[in-house]
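Listing of entry.txt, compact mmCIF, C-alpha atoms
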# COMPACT_ATOMS: atom_id res chain seq x y z
CA MET X 235 -75.16 -105.08 -95.73
CA ARG X 236 -76.40 -101.69 -94.85
CA PRO X 237 -77.65 -102.73 -91.37
CA SER X 238 -74.42 -104.53 -90.66
CA ALA X 239 -72.47 -101.46 -91.59
CA LEU X 240 -74.60 -99.41 -89.25
CA VAL X 241 -73.99 -101.90 -86.42
CA LEU X 242 -70.25 -101.71 -87.03
CA MET X 243 -70.28 -97.96 -86.99
CA ALA X 244 -72.34 -97.97 -83.83
CA SER X 245 -69.98 -100.37 -82.15
CA LEU X 246 -66.98 -98.28 -83.12
CA ALA X 247 -68.60 -95.15 -81.89
CA ALA X 248 -69.75 -96.69 -78.63
CA PRO X 249 -66.50 -96.20 -76.65
CA PHE X 250 -66.40 -92.49 -77.48
CA THR X 251 -70.02 -92.08 -76.54
CA ALA X 252 -69.42 -93.96 -73.33
CA ALA X 253 -66.37 -91.84 -72.57
CA ALA X 254 -68.21 -88.66 -73.25
CA ALA X 255 -71.28 -89.65 -71.39
CA PRO X 256 -70.03 -89.19 -67.86
CA GLN X 257 -69.03 -85.62 -68.67
CA ASP X 258 -72.39 -84.81 -70.10
CA THR X 259 -74.30 -86.42 -67.35
CA ALA X 260 -72.05 -85.83 -64.34
CA PRO X 261 -73.23 -82.32 -63.38
CA ALA X 262 -76.69 -83.49 -63.26
CA GLN X 263 -75.88 -86.53 -61.20
CA ALA X 264 -73.02 -85.26 -58.80
CA ALA X 265 -73.61 -83.57 -55.48
CA PRO X 266 -72.85 -79.80 -55.37
CA ALA X 267 -69.08 -79.39 -55.25
CA PRO X 268 -67.59 -77.21 -52.49
CA ALA X 269 -66.46 -73.72 -53.53
CA PRO X 270 -62.88 -73.76 -54.79
CA VAL X 271 -60.42 -72.66 -52.10
CA PRO X 272 -58.01 -70.05 -53.47
CA ALA X 273 -54.34 -70.69 -52.91
CA PRO X 274 -53.11 -68.71 -49.84
CA VAL X 275 -51.59 -65.37 -50.91
CA PRO X 276 -48.71 -64.26 -48.68
CA ILE X 277 -49.65 -61.05 -46.86
CA GLU X 278 -46.83 -58.55 -47.35
CA GLU X 279 -45.94 -56.97 -44.09
CA PRO X 280 -45.73 -53.19 -44.53
CA PHE X 281 -42.36 -51.59 -44.09
CA PRO X 282 -41.96 -50.08 -40.64
CA MET X 283 -42.13 -46.31 -40.73
CA PHE X 284 -40.31 -45.34 -37.56
CA GLY X 285 -36.87 -46.07 -36.26
CA VAL X 286 -33.98 -44.82 -34.21
CA LYS X 287 -30.46 -44.31 -35.43
CA LEU X 288 -27.12 -43.86 -33.71
CA ALA X 289 -24.42 -42.31 -35.87
CA VAL X 290 -20.81 -41.43 -35.32
CA GLY X 291 -18.85 -39.40 -37.81
CA ALA X 292 -17.07 -36.27 -38.78
CA PRO X 293 -18.14 -33.54 -38.55
CA ASP X 294 -21.30 -35.04 -37.06
CA GLY X 295 -19.80 -36.23 -33.82
CA ALA X 296 -22.28 -38.51 -32.09
CA VAL X 297 -25.88 -38.27 -33.22
CA LEU X 298 -29.00 -39.95 -31.90
CA SER X 299 -31.79 -39.57 -34.45
CA PHE X 300 -35.41 -40.43 -34.89
CA VAL X 301 -36.21 -41.75 -38.34
CA TYR X 302 -39.44 -41.50 -40.31
CA SER X 303 -39.85 -43.42 -43.54
CA PRO X 304 -43.01 -42.69 -45.53
CA TRP X 305 -41.83 -45.06 -48.29
CA TYR X 306 -39.31 -47.85 -48.01
CA TRP X 307 -36.83 -45.96 -50.19
CA LEU X 308 -37.02 -42.63 -48.37
CA LEU X 309 -35.79 -41.96 -44.84
CA LEU X 310 -36.04 -38.65 -43.04
CA ASP X 311 -34.20 -38.17 -39.79
CA ALA X 312 -33.74 -35.55 -37.13
CA GLY X 313 -31.44 -35.99 -34.22
CA PHE X 314 -29.64 -34.59 -31.25
CA ALA X 315 -25.92 -34.32 -31.70
CA TYR X 316 -22.85 -33.57 -29.67
CA THR X 317 -19.24 -32.91 -30.54
CA LEU X 318 -17.64 -29.89 -28.94
CA ALA X 319 -21.09 -28.51 -28.30
CA PRO X 320 -24.69 -29.68 -28.47
CA GLY X 321 -26.46 -29.42 -31.79
CA PHE X 322 -28.82 -31.09 -34.19
CA VAL X 323 -28.60 -32.91 -37.50
CA LEU X 324 -31.32 -33.23 -40.15
CA GLY X 325 -31.00 -35.78 -42.93
CA VAL X 326 -32.68 -37.07 -46.07
CA GLU X 327 -31.67 -40.50 -47.25
CA LEU X 328 -32.53 -42.54 -50.32
CA ARG X 329 -32.28 -46.33 -50.28
CA PRO X 330 -33.48 -47.31 -53.74
CA ILE X 331 -33.08 -51.09 -53.29
CA ASP X 332 -34.87 -53.23 -50.74
CA PHE X 333 -32.16 -55.84 -50.29
CA PHE X 334 -29.69 -56.96 -47.66
CA VAL X 335 -27.09 -54.72 -49.28
CA SER X 336 -28.36 -51.37 -50.49
CA PRO X 337 -26.72 -48.25 -51.83
CA ILE X 338 -27.44 -45.01 -49.99
CA ILE X 339 -27.57 -41.44 -51.12
CA ARG X 340 -27.79 -38.99 -48.27
CA GLY X 341 -27.92 -35.24 -47.73
CA GLU X 342 -27.70 -33.64 -44.32
CA TYR X 343 -27.53 -30.37 -42.49
CA GLY X 344 -26.08 -29.95 -39.06
CA TYR X 345 -25.85 -27.08 -36.63
CA TYR X 346 -23.89 -26.92 -33.42
CA PHE X 347 -24.50 -24.24 -30.85
CA ALA X 348 -21.74 -22.35 -29.13
CA GLY X 349 -20.32 -24.57 -26.44
CA ASP X 350 -16.74 -25.49 -25.87
CA THR X 351 -15.90 -25.01 -29.54
CA ALA X 352 -14.11 -21.68 -29.12
CA ASN X 353 -11.87 -23.03 -26.37
CA GLN X 354 -10.94 -26.04 -28.46
CA ILE X 355 -10.13 -23.82 -31.45
CA LYS X 356 -7.78 -21.78 -29.30
CA LYS X 357 -5.98 -24.89 -28.11
CA TRP X 358 -5.85 -26.74 -31.41
CA ALA X 359 -4.74 -23.70 -33.39
CA GLY X 360 -2.09 -22.86 -30.80
CA VAL X 361 -3.41 -19.36 -30.31
CA PRO X 362 -1.28 -17.52 -27.72
CA GLU X 363 -3.17 -17.04 -24.49
CA ALA X 364 -2.94 -13.25 -24.78
CA GLN X 365 -5.03 -13.46 -27.94
CA TRP X 366 -7.74 -15.71 -26.54
CA PRO X 367 -10.11 -12.78 -25.83
CA LEU X 368 -10.11 -12.07 -29.58
CA ILE X 369 -11.96 -15.34 -30.19
CA GLY X 370 -15.48 -15.20 -28.86
CA ASP X 371 -18.14 -17.87 -28.83
CA ALA X 372 -18.13 -20.08 -31.89
CA SER X 373 -20.87 -22.09 -33.52
CA TYR X 374 -20.74 -24.08 -36.72
CA ASP X 375 -22.99 -25.61 -39.28
CA TRP X 376 -22.57 -27.65 -42.43
CA PHE X 377 -24.21 -29.20 -45.45
CA SER X 378 -23.00 -32.51 -46.77
CA GLY X 379 -23.74 -35.03 -49.51
CA LEU X 380 -22.82 -38.65 -48.92
CA VAL X 381 -23.00 -42.00 -50.65
CA GLY X 382 -22.58 -45.33 -48.97
CA ILE X 383 -23.92 -48.80 -48.38
CA ALA X 384 -26.38 -50.21 -45.91
CA LEU X 385 -26.16 -53.78 -44.69
CA GLY X 386 -29.13 -55.40 -43.05
CA SER X 387 -32.87 -55.55 -43.19
CA ARG X 388 -34.99 -52.57 -43.95
CA ARG X 389 -37.54 -54.14 -41.63
CA GLY X 390 -35.16 -54.37 -38.70
CA PHE X 391 -31.54 -53.55 -38.08
CA THR X 392 -29.11 -52.01 -40.59
CA ALA X 393 -25.58 -50.75 -40.36
CA THR X 394 -24.40 -48.13 -42.82
CA LEU X 395 -21.09 -46.73 -43.90
CA GLU X 396 -21.09 -43.42 -45.78
CA GLY X 397 -18.60 -40.92 -47.12
CA GLY X 398 -18.84 -37.71 -49.07
CA ILE X 399 -18.16 -34.02 -49.22
CA GLY X 400 -19.28 -31.34 -46.83
CA LEU X 401 -19.18 -27.56 -46.64
CA LEU X 402 -18.65 -26.47 -43.05
CA GLN X 403 -18.88 -22.93 -41.77
CA LEU X 404 -17.57 -21.76 -38.44
CA ASN X 405 -19.07 -18.56 -37.08
CA VAL X 406 -16.96 -16.87 -34.44
CA LYS X 407 -17.80 -13.81 -32.40
CA GLY X 408 -15.15 -11.16 -32.07
CA GLY X 409 -13.55 -9.63 -29.04
CA SER X 410 -10.79 -7.32 -27.96
CA ALA X 411 -7.47 -7.67 -26.20
CA LYS X 412 -4.42 -5.59 -25.51
CA ILE X 413 -1.39 -7.17 -27.11
CA ASN X 414 2.01 -5.48 -26.85
CA GLU X 415 0.36 -2.16 -25.94
CA VAL X 416 -1.87 -2.36 -29.01
CA LEU X 417 -5.60 -2.66 -28.46
CA VAL X 418 -6.84 -5.21 -30.98
CA THR X 419 -10.57 -5.41 -31.67
CA THR X 420 -11.95 -8.07 -33.97
CA ALA X 421 -15.37 -8.17 -35.58
CA ALA X 422 -17.26 -11.43 -35.87
CA TRP X 423 -15.51 -13.63 -38.42
CA THR X 424 -16.14 -16.81 -40.31
CA ALA X 425 -14.14 -19.79 -41.44
CA GLN X 426 -15.26 -22.17 -44.12
CA SER X 427 -14.04 -25.54 -45.26
CA LEU X 428 -14.87 -27.85 -48.14
CA MET X 429 -13.92 -31.15 -46.63
CA PRO X 430 -14.41 -34.90 -46.75
CA VAL X 431 -17.05 -36.24 -44.42
CA ALA X 432 -17.70 -39.76 -43.17
CA ARG X 433 -20.11 -41.48 -40.84
CA ILE X 434 -21.04 -44.89 -39.53
CA SER X 435 -24.58 -45.42 -38.36
CA PHE X 436 -26.76 -48.12 -36.90
CA LEU X 437 -30.48 -48.01 -37.59
CA TYR X 438 -33.27 -50.01 -36.06
CA PHE X 439 -36.82 -49.88 -37.38
CA PHE X 440 -39.64 -50.89 -35.10
CA MET Z 157 -4.84 -58.30 -60.47
CA LYS Z 158 -4.24 -55.49 -62.94
CA ARG Z 159 -7.82 -54.40 -62.52
CA ASN Z 160 -7.38 -54.19 -58.72
CA LEU Z 161 -4.27 -52.09 -59.15
CA LEU Z 162 -6.19 -49.81 -61.46
CA VAL Z 163 -8.93 -49.40 -58.86
CA VAL Z 164 -6.38 -48.60 -56.14
CA ALA Z 165 -4.57 -46.16 -58.42
CA ALA Z 166 -7.85 -44.47 -59.31
CA ALA Z 167 -8.80 -44.17 -55.64
CA LEU Z 168 -5.41 -42.67 -54.81
CA ALA Z 169 -5.70 -40.26 -57.72
CA VAL Z 170 -9.12 -39.15 -56.51
CA ALA Z 171 -7.79 -38.74 -52.95
CA LEU Z 172 -4.81 -36.71 -54.11
CA GLN Z 173 -7.02 -34.61 -56.34
CA GLY Z 174 -9.29 -34.15 -53.34
CA CYS Z 175 -6.45 -32.70 -51.30
CA SER Z 176 -6.15 -29.94 -53.88
CA THR Z 177 -9.91 -29.48 -54.04
CA PHE Z 178 -10.65 -29.51 -50.33
CA TYR Z 179 -9.82 -26.28 -48.60
CA ALA Z 180 -10.23 -24.19 -45.50
CA GLU Z 181 -10.50 -20.45 -45.49
CA ALA Z 182 -11.08 -17.79 -42.89
CA GLU Z 183 -12.30 -14.27 -43.39
CA GLN Z 184 -12.01 -11.46 -40.89
CA PRO Z 185 -14.05 -8.51 -42.18
CA SER Z 186 -12.55 -6.05 -39.73
CA VAL Z 187 -9.77 -6.08 -37.21
CA CYS Z 188 -8.94 -2.71 -35.69
CA LEU Z 189 -5.67 -1.82 -34.01
CA THR Z 190 -5.61 1.08 -31.58
CA LEU Z 191 -2.02 2.12 -31.10
CA THR Z 192 -0.35 4.03 -28.36
CA PRO Z 193 -0.16 7.77 -29.15
CA ALA Z 194 2.32 8.23 -31.95
CA PRO Z 195 4.39 11.41 -32.35
CA PHE Z 196 4.95 13.00 -35.76
CA SER Z 197 7.97 15.31 -36.10
CA ILE Z 198 7.44 18.80 -37.47
CA GLN Z 199 10.43 20.04 -39.41
CA GLY Z 200 11.66 23.30 -37.98
CA GLY Z 201 9.19 23.11 -35.14
CA GLY Z 202 9.78 24.72 -31.75
CA GLY Z 203 9.41 28.36 -31.10
CA ILE Z 204 6.84 30.94 -32.12
CA ALA Z 205 5.38 31.18 -35.59
CA PRO Z 206 6.37 34.33 -37.45
CA PRO Z 207 3.67 36.97 -38.11
CA GLY Z 208 2.95 35.55 -41.55
CA GLY Z 209 2.43 32.09 -40.12
CA PHE Z 210 4.51 28.96 -40.09
CA SER Z 211 4.23 26.15 -42.60
CA ALA Z 212 6.33 22.99 -42.68
CA ALA Z 213 6.30 19.31 -43.43
CA TYR Z 214 5.88 16.61 -40.83
CA SER Z 215 6.32 12.86 -40.90
CA GLY Z 216 6.31 9.82 -38.69
CA SER Z 217 6.04 6.07 -38.76
CA ILE Z 218 3.85 3.63 -36.92
CA ASP Z 219 4.79 0.00 -36.50
CA LEU Z 220 1.55 -1.94 -36.39
CA GLY Z 221 3.21 -4.78 -34.51
CA LEU Z 222 1.21 -7.23 -36.56
CA SER Z 223 3.95 -9.80 -36.65
CA ASP Z 224 3.03 -10.64 -33.05
CA VAL Z 225 -0.65 -10.96 -33.83
CA VAL Z 226 -0.88 -12.47 -37.28
CA PRO Z 227 -0.57 -16.26 -37.38
CA ASP Z 228 2.14 -17.90 -39.47
CA PHE Z 229 -0.24 -19.11 -42.15
CA MET Z 230 -0.82 -15.47 -43.10
CA LEU Z 231 2.85 -15.19 -43.96
CA ASN Z 232 3.30 -18.34 -46.05
CA GLY Z 233 1.96 -19.46 -49.40
CA PRO Z 234 0.87 -17.62 -52.53
CA SER Z 235 -0.04 -14.01 -51.86
CA GLN Z 236 -3.42 -14.37 -53.57
CA ASP Z 237 -4.32 -16.90 -50.87
CA ARG Z 238 -3.49 -14.58 -47.97
CA ILE Z 239 -5.03 -11.18 -48.24
CA LEU Z 240 -4.59 -8.24 -45.90
CA ARG Z 241 -6.26 -5.02 -46.92
CA PHE Z 242 -6.27 -1.62 -45.34
CA LEU Z 243 -9.79 -0.42 -44.53
CA SER Z 244 -9.57 2.85 -42.65
CA PHE Z 245 -7.47 5.21 -40.57
CA ARG Z 246 -8.42 7.44 -37.69
CA ALA Z 247 -6.30 9.75 -35.58
CA THR Z 248 -7.82 11.23 -32.43
CA ALA Z 249 -6.48 14.14 -30.41
CA THR Z 250 -4.82 12.99 -27.23
CA LEU Z 251 -5.09 16.28 -25.39
CA LEU Z 252 -8.41 17.37 -23.96
CA GLY Z 253 -9.64 20.27 -26.02
CA GLY Z 254 -6.91 19.71 -28.58
CA ASN Z 255 -7.60 19.84 -32.24
CA PHE Z 256 -5.92 19.20 -35.57
CA ASP Z 257 -6.68 22.54 -37.17
CA PHE Z 258 -2.96 22.99 -37.88
CA VAL Z 259 -2.78 19.75 -39.92
CA ASP Z 260 -3.39 20.67 -43.54
CA ASP Z 261 -3.15 17.20 -44.99
CA VAL Z 262 -2.14 13.62 -44.33
CA GLN Z 263 -0.69 11.08 -46.74
CA LEU Z 264 -0.62 7.54 -45.46
CA HIS Z 265 1.74 5.00 -46.97
CA ALA Z 266 2.45 1.38 -46.18
CA GLN Z 267 6.09 0.43 -45.99
CA GLY Z 268 7.48 -3.09 -45.92
CA ALA Z 269 11.05 -4.15 -45.50
CA PRO Z 270 13.64 -1.35 -45.75
CA GLY Z 271 14.22 -0.45 -49.36
CA SER Z 272 10.86 -1.70 -50.58
CA GLN Z 273 8.53 0.53 -52.55
CA PRO Z 274 5.91 2.23 -50.34
CA VAL Z 275 2.25 2.10 -51.34
CA GLU Z 276 -0.18 4.95 -50.73
CA LEU Z 277 -3.16 3.79 -48.69
CA GLY Z 278 -5.13 7.01 -48.37
CA GLN Z 279 -5.06 10.70 -47.74
CA TYR Z 280 -6.82 13.50 -45.93
CA VAL Z 281 -7.12 17.20 -46.71
CA ARG Z 282 -8.56 19.46 -44.01
CA GLY Z 283 -9.70 22.20 -46.37
CA SER Z 284 -11.71 24.89 -44.62
CA ARG Z 285 -12.84 22.74 -41.68
CA VAL Z 286 -12.05 24.04 -38.22
CA ASN Z 287 -12.07 22.56 -34.74
CA VAL Z 288 -11.10 19.18 -36.13
CA THR Z 289 -10.63 16.75 -33.24
CA SER Z 290 -10.39 13.61 -35.31
CA ILE Z 291 -8.86 12.85 -38.68
CA SER Z 292 -10.30 9.84 -40.42
CA PHE Z 293 -10.43 8.52 -43.94
CA PRO Z 294 -11.24 5.26 -45.68
CA SER Z 295 -8.83 3.30 -47.80
CA GLY Z 296 -7.85 4.86 -51.07
CA ALA Z 297 -6.32 1.59 -52.18
CA PRO Z 298 -8.85 -1.12 -51.33
CA ASN Z 299 -7.21 -3.70 -53.58
CA VAL Z 300 -3.68 -3.41 -52.26
CA ASN Z 301 -2.63 -6.64 -50.55
CA LEU Z 302 -0.47 -5.86 -47.54
CA SER Z 303 0.29 -9.47 -46.69
CA ASP Z 304 3.44 -9.40 -48.80
CA PHE Z 305 4.70 -6.47 -46.69
CA LEU Z 306 4.17 -8.58 -43.61
CA ALA Z 307 5.81 -11.60 -45.18
CA SER Z 308 8.85 -9.53 -46.10
CA GLY Z 309 9.41 -8.30 -42.58
CA ALA Z 310 7.29 -5.70 -40.85
CA LEU Z 311 4.38 -3.59 -41.93
CA THR Z 312 4.86 0.05 -41.10
CA LEU Z 313 2.48 2.93 -41.71
CA HIS Z 314 4.20 6.12 -42.73
CA LEU Z 315 2.40 9.45 -42.24
CA ALA Z 316 3.50 12.65 -43.89
CA GLY Z 317 1.94 15.97 -44.69
CA GLN Z 318 1.94 19.68 -44.06
CA VAL Z 319 1.16 21.74 -40.97
CA THR Z 320 0.36 25.44 -40.82
CA VAL Z 321 0.48 27.45 -37.60
CA PRO Z 322 -0.89 31.01 -37.51
CA GLY Z 323 1.59 33.76 -36.70
CA GLY Z 324 2.35 34.34 -33.04
CA GLN Z 325 1.34 30.85 -31.90
CA VAL Z 326 3.65 28.19 -30.54
CA VAL Z 327 4.93 25.75 -33.14
CA PRO Z 328 5.36 22.34 -31.52
CA THR Z 329 8.23 20.06 -32.49
CA THR Z 330 5.84 17.14 -32.80
CA TRP Z 331 2.18 16.45 -32.88
CA ALA Z 332 0.68 13.30 -31.50
CA ALA Z 333 -2.52 11.34 -31.90
CA GLU Z 334 -4.07 8.10 -30.87
CA VAL Z 335 -4.20 6.14 -34.10
CA GLU Z 336 -6.67 3.43 -34.97
CA THR Z 337 -6.34 1.53 -38.21
CA CYS Z 338 -8.66 -1.19 -39.44
CA LEU Z 339 -7.78 -4.05 -41.73
CA TYR Z 340 -9.51 -6.84 -43.62
CA ALA Z 341 -7.93 -10.29 -43.67
CA LYS Z 342 -8.64 -13.48 -45.55
CA VAL Z 343 -6.64 -16.66 -45.88
CA HIS Z 344 -7.31 -19.67 -48.07
CA LYS Z 345 -5.43 -22.97 -47.86
CA THR Z 346 -6.02 -26.21 -49.70
CA PHE Z 347 -5.58 -29.42 -47.77
CA GLN Z 348 -2.58 -30.12 -49.97
CA GLN Z 349 -0.96 -26.84 -48.88
CA MET Z 350 -1.65 -27.73 -45.26
CA ILE Z 351 -0.05 -31.14 -45.73
CA ASP Z 352 2.93 -29.56 -47.46
CA GLY Z 353 3.15 -26.81 -44.85
CA THR Z 354 3.09 -24.06 -47.48

How would this structure read if it were set down as structure tokens?
Amino acid sequence: MRPSALVLMASLAAPFTAAAAPQDTAPAQAAPAPAPVPAPVPIEEPFPMFGVKLAVGAPDGAVLSFVYSPWYWLLLDAGFAYTLAPGFVLGVELRPIDFFVSPIIRGEYGYYFAGDTANQIKKWAGVPEAQWPLIGDASYDWFSGLVGIALGSRRGFTATLEGGIGLLQLNVKGGSAKINEVLVTTAAWTAQSLMPVARISFLYFF
Amino acid sequence: MKRNLLVVAAALAVALQGCSTFYAEAEQPSVCLTLTPAPFSIQGGGGIAPPGGFSAAYSGSIDLGLSDVVPDFMLNGPSQDRILRFLSFRATATLLGGNFDFVDDVQLHAQGAPGSQPVELGQYVRGSRVNVTSISFPSGAPNVNLSDFLASGALTLHLAGQVTVPGGQVVPTTWAAEVETCLYAKVHKTFQQMIDGT
């Protein structure tokens, strides 16, 4: 009885042993397997760091800027500008989200040299011609803070629409003129305005 | 739908609030007016001063003619938003070699529309100085806003004082000087005031 029981147990255990056997013996018997090939990891293309931007706005006028972006969320720009006179605009822009639609926070400073600004002031303000000599060359500069949205790819072309508040200062040289037999002499004077600002820009990174 | 209306209403409210917040202002630190020589009448002048000397009052007015120079926005709106201050006065002898040794003192007042209360702007006392060819003094009332005088009509400077002529010398009926007066101007307008034309 005891041997028969042993045979039964051996026969019951045989399938498990047979199943396990290939695992135990396979490494010794199989040819060396090729090294496992890792799944291809997508190589992330770095964000482009340089771009050009064309902006139109108030008080910016038309601005052609060169853009440098050390990180995808930070853009620094410096550009040549023209409204009533040539000038330049410097800007710092934050784009916290890398997506087709991204919010923008922007700060900028602009300066316009004396050009045709004084003549335009005289015309727009309706200054009588006799008083024109009292208004000398005029330059202006401003600081502004804007928020807006950018549409497009940070790796290529984006269009942005921004609005905000700006503090503009007009610096005017004085002059002198004889008006109704009175000699009027003005010192250099300034005008300042807290005003809404807006701009549309198109940016291309390469 | 109600939410959209709320958004539009909020945007309009912000825009309207912005019109009161946004502003433009201009500041002219100094504008000087050099007027044609102005005569000041000496009461009882003409003739020769008696041996003991001659002393009398004089007075005269100068119209600054600012109404032709100052733009309209200096005349409208709250007076605290349009400021015109007197800075200084200078009278220079018109005759070569002339002097103002006979002018004992000068009181300068600003006068607006007829009947309005004059405001003293400054004064000069010669004291013991001699060979005075120019009388000048800064504002004695730097905080007085003259824009209301302009808005009410015309701004006139009124000079008055005392002259003393030593005995035996000719007492003129008038004395004259080229007068230069300097002013400070500042105007502040919100966008809302510009829209309203006030």

Write out, as a Markdown table, each residue of chain X that has an atom at most 10 Å from chain Z, together with the closest pair of atoms and their distance in Å to one decimal, counting only C-alpha atoms, rows going by chain and rising number.
| residue | atom | partner | partner_atom | distance |
| --- | --- | --- | --- | --- |
| X:Ala359 | CA | Z:Pro227 | CA | 9.4 |
| X:Gly360 | CA | Z:Pro227 | CA | 9.4 |
| X:Val361 | CA | Z:Pro227 | CA | 8.2 |
| X:Pro362 | CA | Z:Val225 | CA | 9.0 |
| X:Ala364 | CA | Z:Val225 | CA | 9.6 |
| X:Gln365 | CA | Z:Val225 | CA | 7.8 |
| X:Leu368 | CA | Z:Val187 | CA | 9.7 |
| X:Ile399 | CA | Z:Phe178 | CA | 8.8 |
| X:Gly400 | CA | Z:Phe178 | CA | 9.5 |
| X:Leu401 | CA | Z:Phe178 | CA | 9.5 |
| X:Leu402 | CA | Z:Ala180 | CA | 9.1 |
| X:Gln403 | CA | Z:Ala182 | CA | 9.4 |
| X:Leu404 | CA | Z:Ala182 | CA | 8.8 |
| X:Asn405 | CA | Z:Ala182 | CA | 9.9 |
| X:Val406 | CA | Z:Gln184 | CA | 9.8 |
| X:Gly408 | CA | Z:Val187 | CA | 9.0 |
| X:Gly409 | CA | Z:Val187 | CA | 9.7 |
| X:Ser410 | CA | Z:Cys188 | CA | 9.2 |
| X:Ala411 | CA | Z:Leu189 | CA | 9.9 |
| X:Lys412 | CA | Z:Thr190 | CA | 9.1 |
| X:Ile413 | CA | Z:Val225 | CA | 7.8 |
| X:Asn414 | CA | Z:Gly221 | CA | 7.8 |
| X:Glu415 | CA | Z:Thr192 | CA | 6.7 |
| X:Val416 | CA | Z:Leu191 | CA | 4.9 |
| X:Leu417 | CA | Z:Thr190 | CA | 4.9 |
| X:Val418 | CA | Z:Leu189 | CA | 4.7 |
| X:Thr419 | CA | Z:Cys188 | CA | 5.1 |
| X:Thr420 | CA | Z:Val187 | CA | 4.4 |
| X:Ala421 | CA | Z:Ser186 | CA | 5.4 |
| X:Ala422 | CA | Z:Gln184 | CA | 7.3 |
| X:Trp423 | CA | Z:Gln184 | CA | 4.8 |
| X:Thr424 | CA | Z:Glu183 | CA | 5.5 |
| X:Ala425 | CA | Z:Ala182 | CA | 3.9 |
| X:Gln426 | CA | Z:Glu181 | CA | 5.2 |
| X:Ser427 | CA | Z:Ala180 | CA | 4.0 |
| X:Leu428 | CA | Z:Phe178 | CA | 5.0 |
| X:Met429 | CA | Z:Phe178 | CA | 5.2 |
| X:Pro430 | CA | Z:Phe178 | CA | 7.5 |

Q: Calculate how many Å separate CA of Ser215 in chain Z from CA of Thr250 in chain Z, rounding to one decimal.
A: 17.6 Å

Per-axis box centre and lengths in Å around range 307-325 of chain Z, 5 Å margin per side, axis-aligned, as lines of an AutoDock Vina configuration file:
center_x = 4.3
center_y = 11.4
center_z = -39.0
size_x = 20.3
size_y = 55.9
size_z = 24.2

(Q) Need the shell around Val321 in chain Z: protein/DNA/RNA residues with any atom at most 6 Å away, counting only C-alpha atoms. Skip same-chain ones fewer than 6 positions apart. Format as a list in words? (A) Gly209, Phe210 and Phe258 of chain Z

Q.
Just want the 10 Å neighbourhood of Gly291 in chain X, counted on all atoms listed in the file, with same-chain residues fewer than 3 positions away dropped. Output as a ChimeraX atom specification.
A. /X:294-297,317,395-397,431-435

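You will find CA of Phe284 in chain X at 25.0 Å from CA of Tyr346 in chain X.
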
(Q) Just want the 7 Å neighbourhood of Leu243 in chain Z, counted on only C-alpha atoms, with same-chain residues fewer than 2 positions away dropped. Output as a PyMOL selection string. (A) chain Z and resi 241+294-295+298+338-340

Q. From the set Z:Gly278, Z:Pro195, Z:Gly296, Z:Gly202, which residue has the shortest atom-to-atom contact distance to Val262 in chain Z, counting only C-alpha atoms?
A.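 The closest residue to Val262 in chain Z is Z:Gly278.
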
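Nearest-residue note for Gln354 in chain X: choosing from X:Leu318, X:Ile331, X:Val301, X:Ala292, the minimum distance belongs to X:Leu318, counting all atoms listed in the file.
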
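Nearest to Thr329 in chain Z of all the residues Z:Val288, Z:Met230, Z:Ala205, Z:Leu311 is Z:Ala205, based on all atoms listed in the file.
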
(Q) Which residues are near Ala319 in chain X? Cut-off 12 Å, all atoms listed in the file, ignore same chain within fewer than 2 positions. Put them as an MDAnalysis selection string. (A) chainID X and resid 293:297 314:317 321:322 344:354 371:375

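Relative to CA of Ser197 in chain Z, CA of Ala333 in chain Z is found at 12.0 Å.
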
Q) Of the candidates Z:Tyr280, Z:Phe293, Z:Phe196, Z:Trp331, which one gets nearest to Gln263 in chain Z if we count all atoms listed in the file? A)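 So, comparing all the options, the nearest one is Z:Tyr280.
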
Missing atoms in range 239-246 of chain Z should be modelled up to N, CA and C atoms and reported as a JSON list (two decimals), keeping the file's coordinate frame.
[["chain", "number", "residue", "atom", "x", "y", "z"],
["Z", 239, "ILE", "N", -4.73, -12.57, -47.88],
["Z", 239, "ILE", "CA", -5.03, -11.18, -48.24],
["Z", 239, "ILE", "C", -5.15, -10.34, -46.98],
["Z", 240, "LEU", "N", -4.50, -9.20, -46.99],
["Z", 240, "LEU", "CA", -4.59, -8.24, -45.90],
["Z", 240, "LEU", "C", -4.78, -6.87, -46.53],
["Z", 241, "ARG", "N", -5.95, -6.31, -46.30],
["Z", 241, "ARG", "CA", -6.26, -5.02, -46.92],
["Z", 241, "ARG", "C", -6.48, -3.95, -45.85],
["Z", 242, "PHE", "N", -6.07, -2.78, -46.22],
["Z", 242, "PHE", "CA", -6.27, -1.62, -45.34],
["Z", 242, "PHE", "C", -7.70, -1.12, -45.54],
["Z", 243, "LEU", "N", -8.41, -0.88, -44.43],
["Z", 243, "LEU", "CA", -9.79, -0.42, -44.53],
["Z", 243, "LEU", "C", -9.94, 1.06, -44.18],
["Z", 244, "SER", "N", -9.35, 1.45, -43.07],
["Z", 244, "SER", "CA", -9.57, 2.85, -42.65],
["Z", 244, "SER", "C", -8.50, 3.29, -41.66],
["Z", 245, "PHE", "N", -8.42, 4.60, -41.49],
["Z", 245, "PHE", "CA", -7.47, 5.21, -40.57],
["Z", 245, "PHE", "C", -8.18, 6.29, -39.77],
["Z", 246, "ARG", "N", -7.86, 6.36, -38.50],
["Z", 246, "ARG", "CA", -8.42, 7.44, -37.69],
["Z", 246, "ARG", "C", -7.39, 7.89, -36.66]]
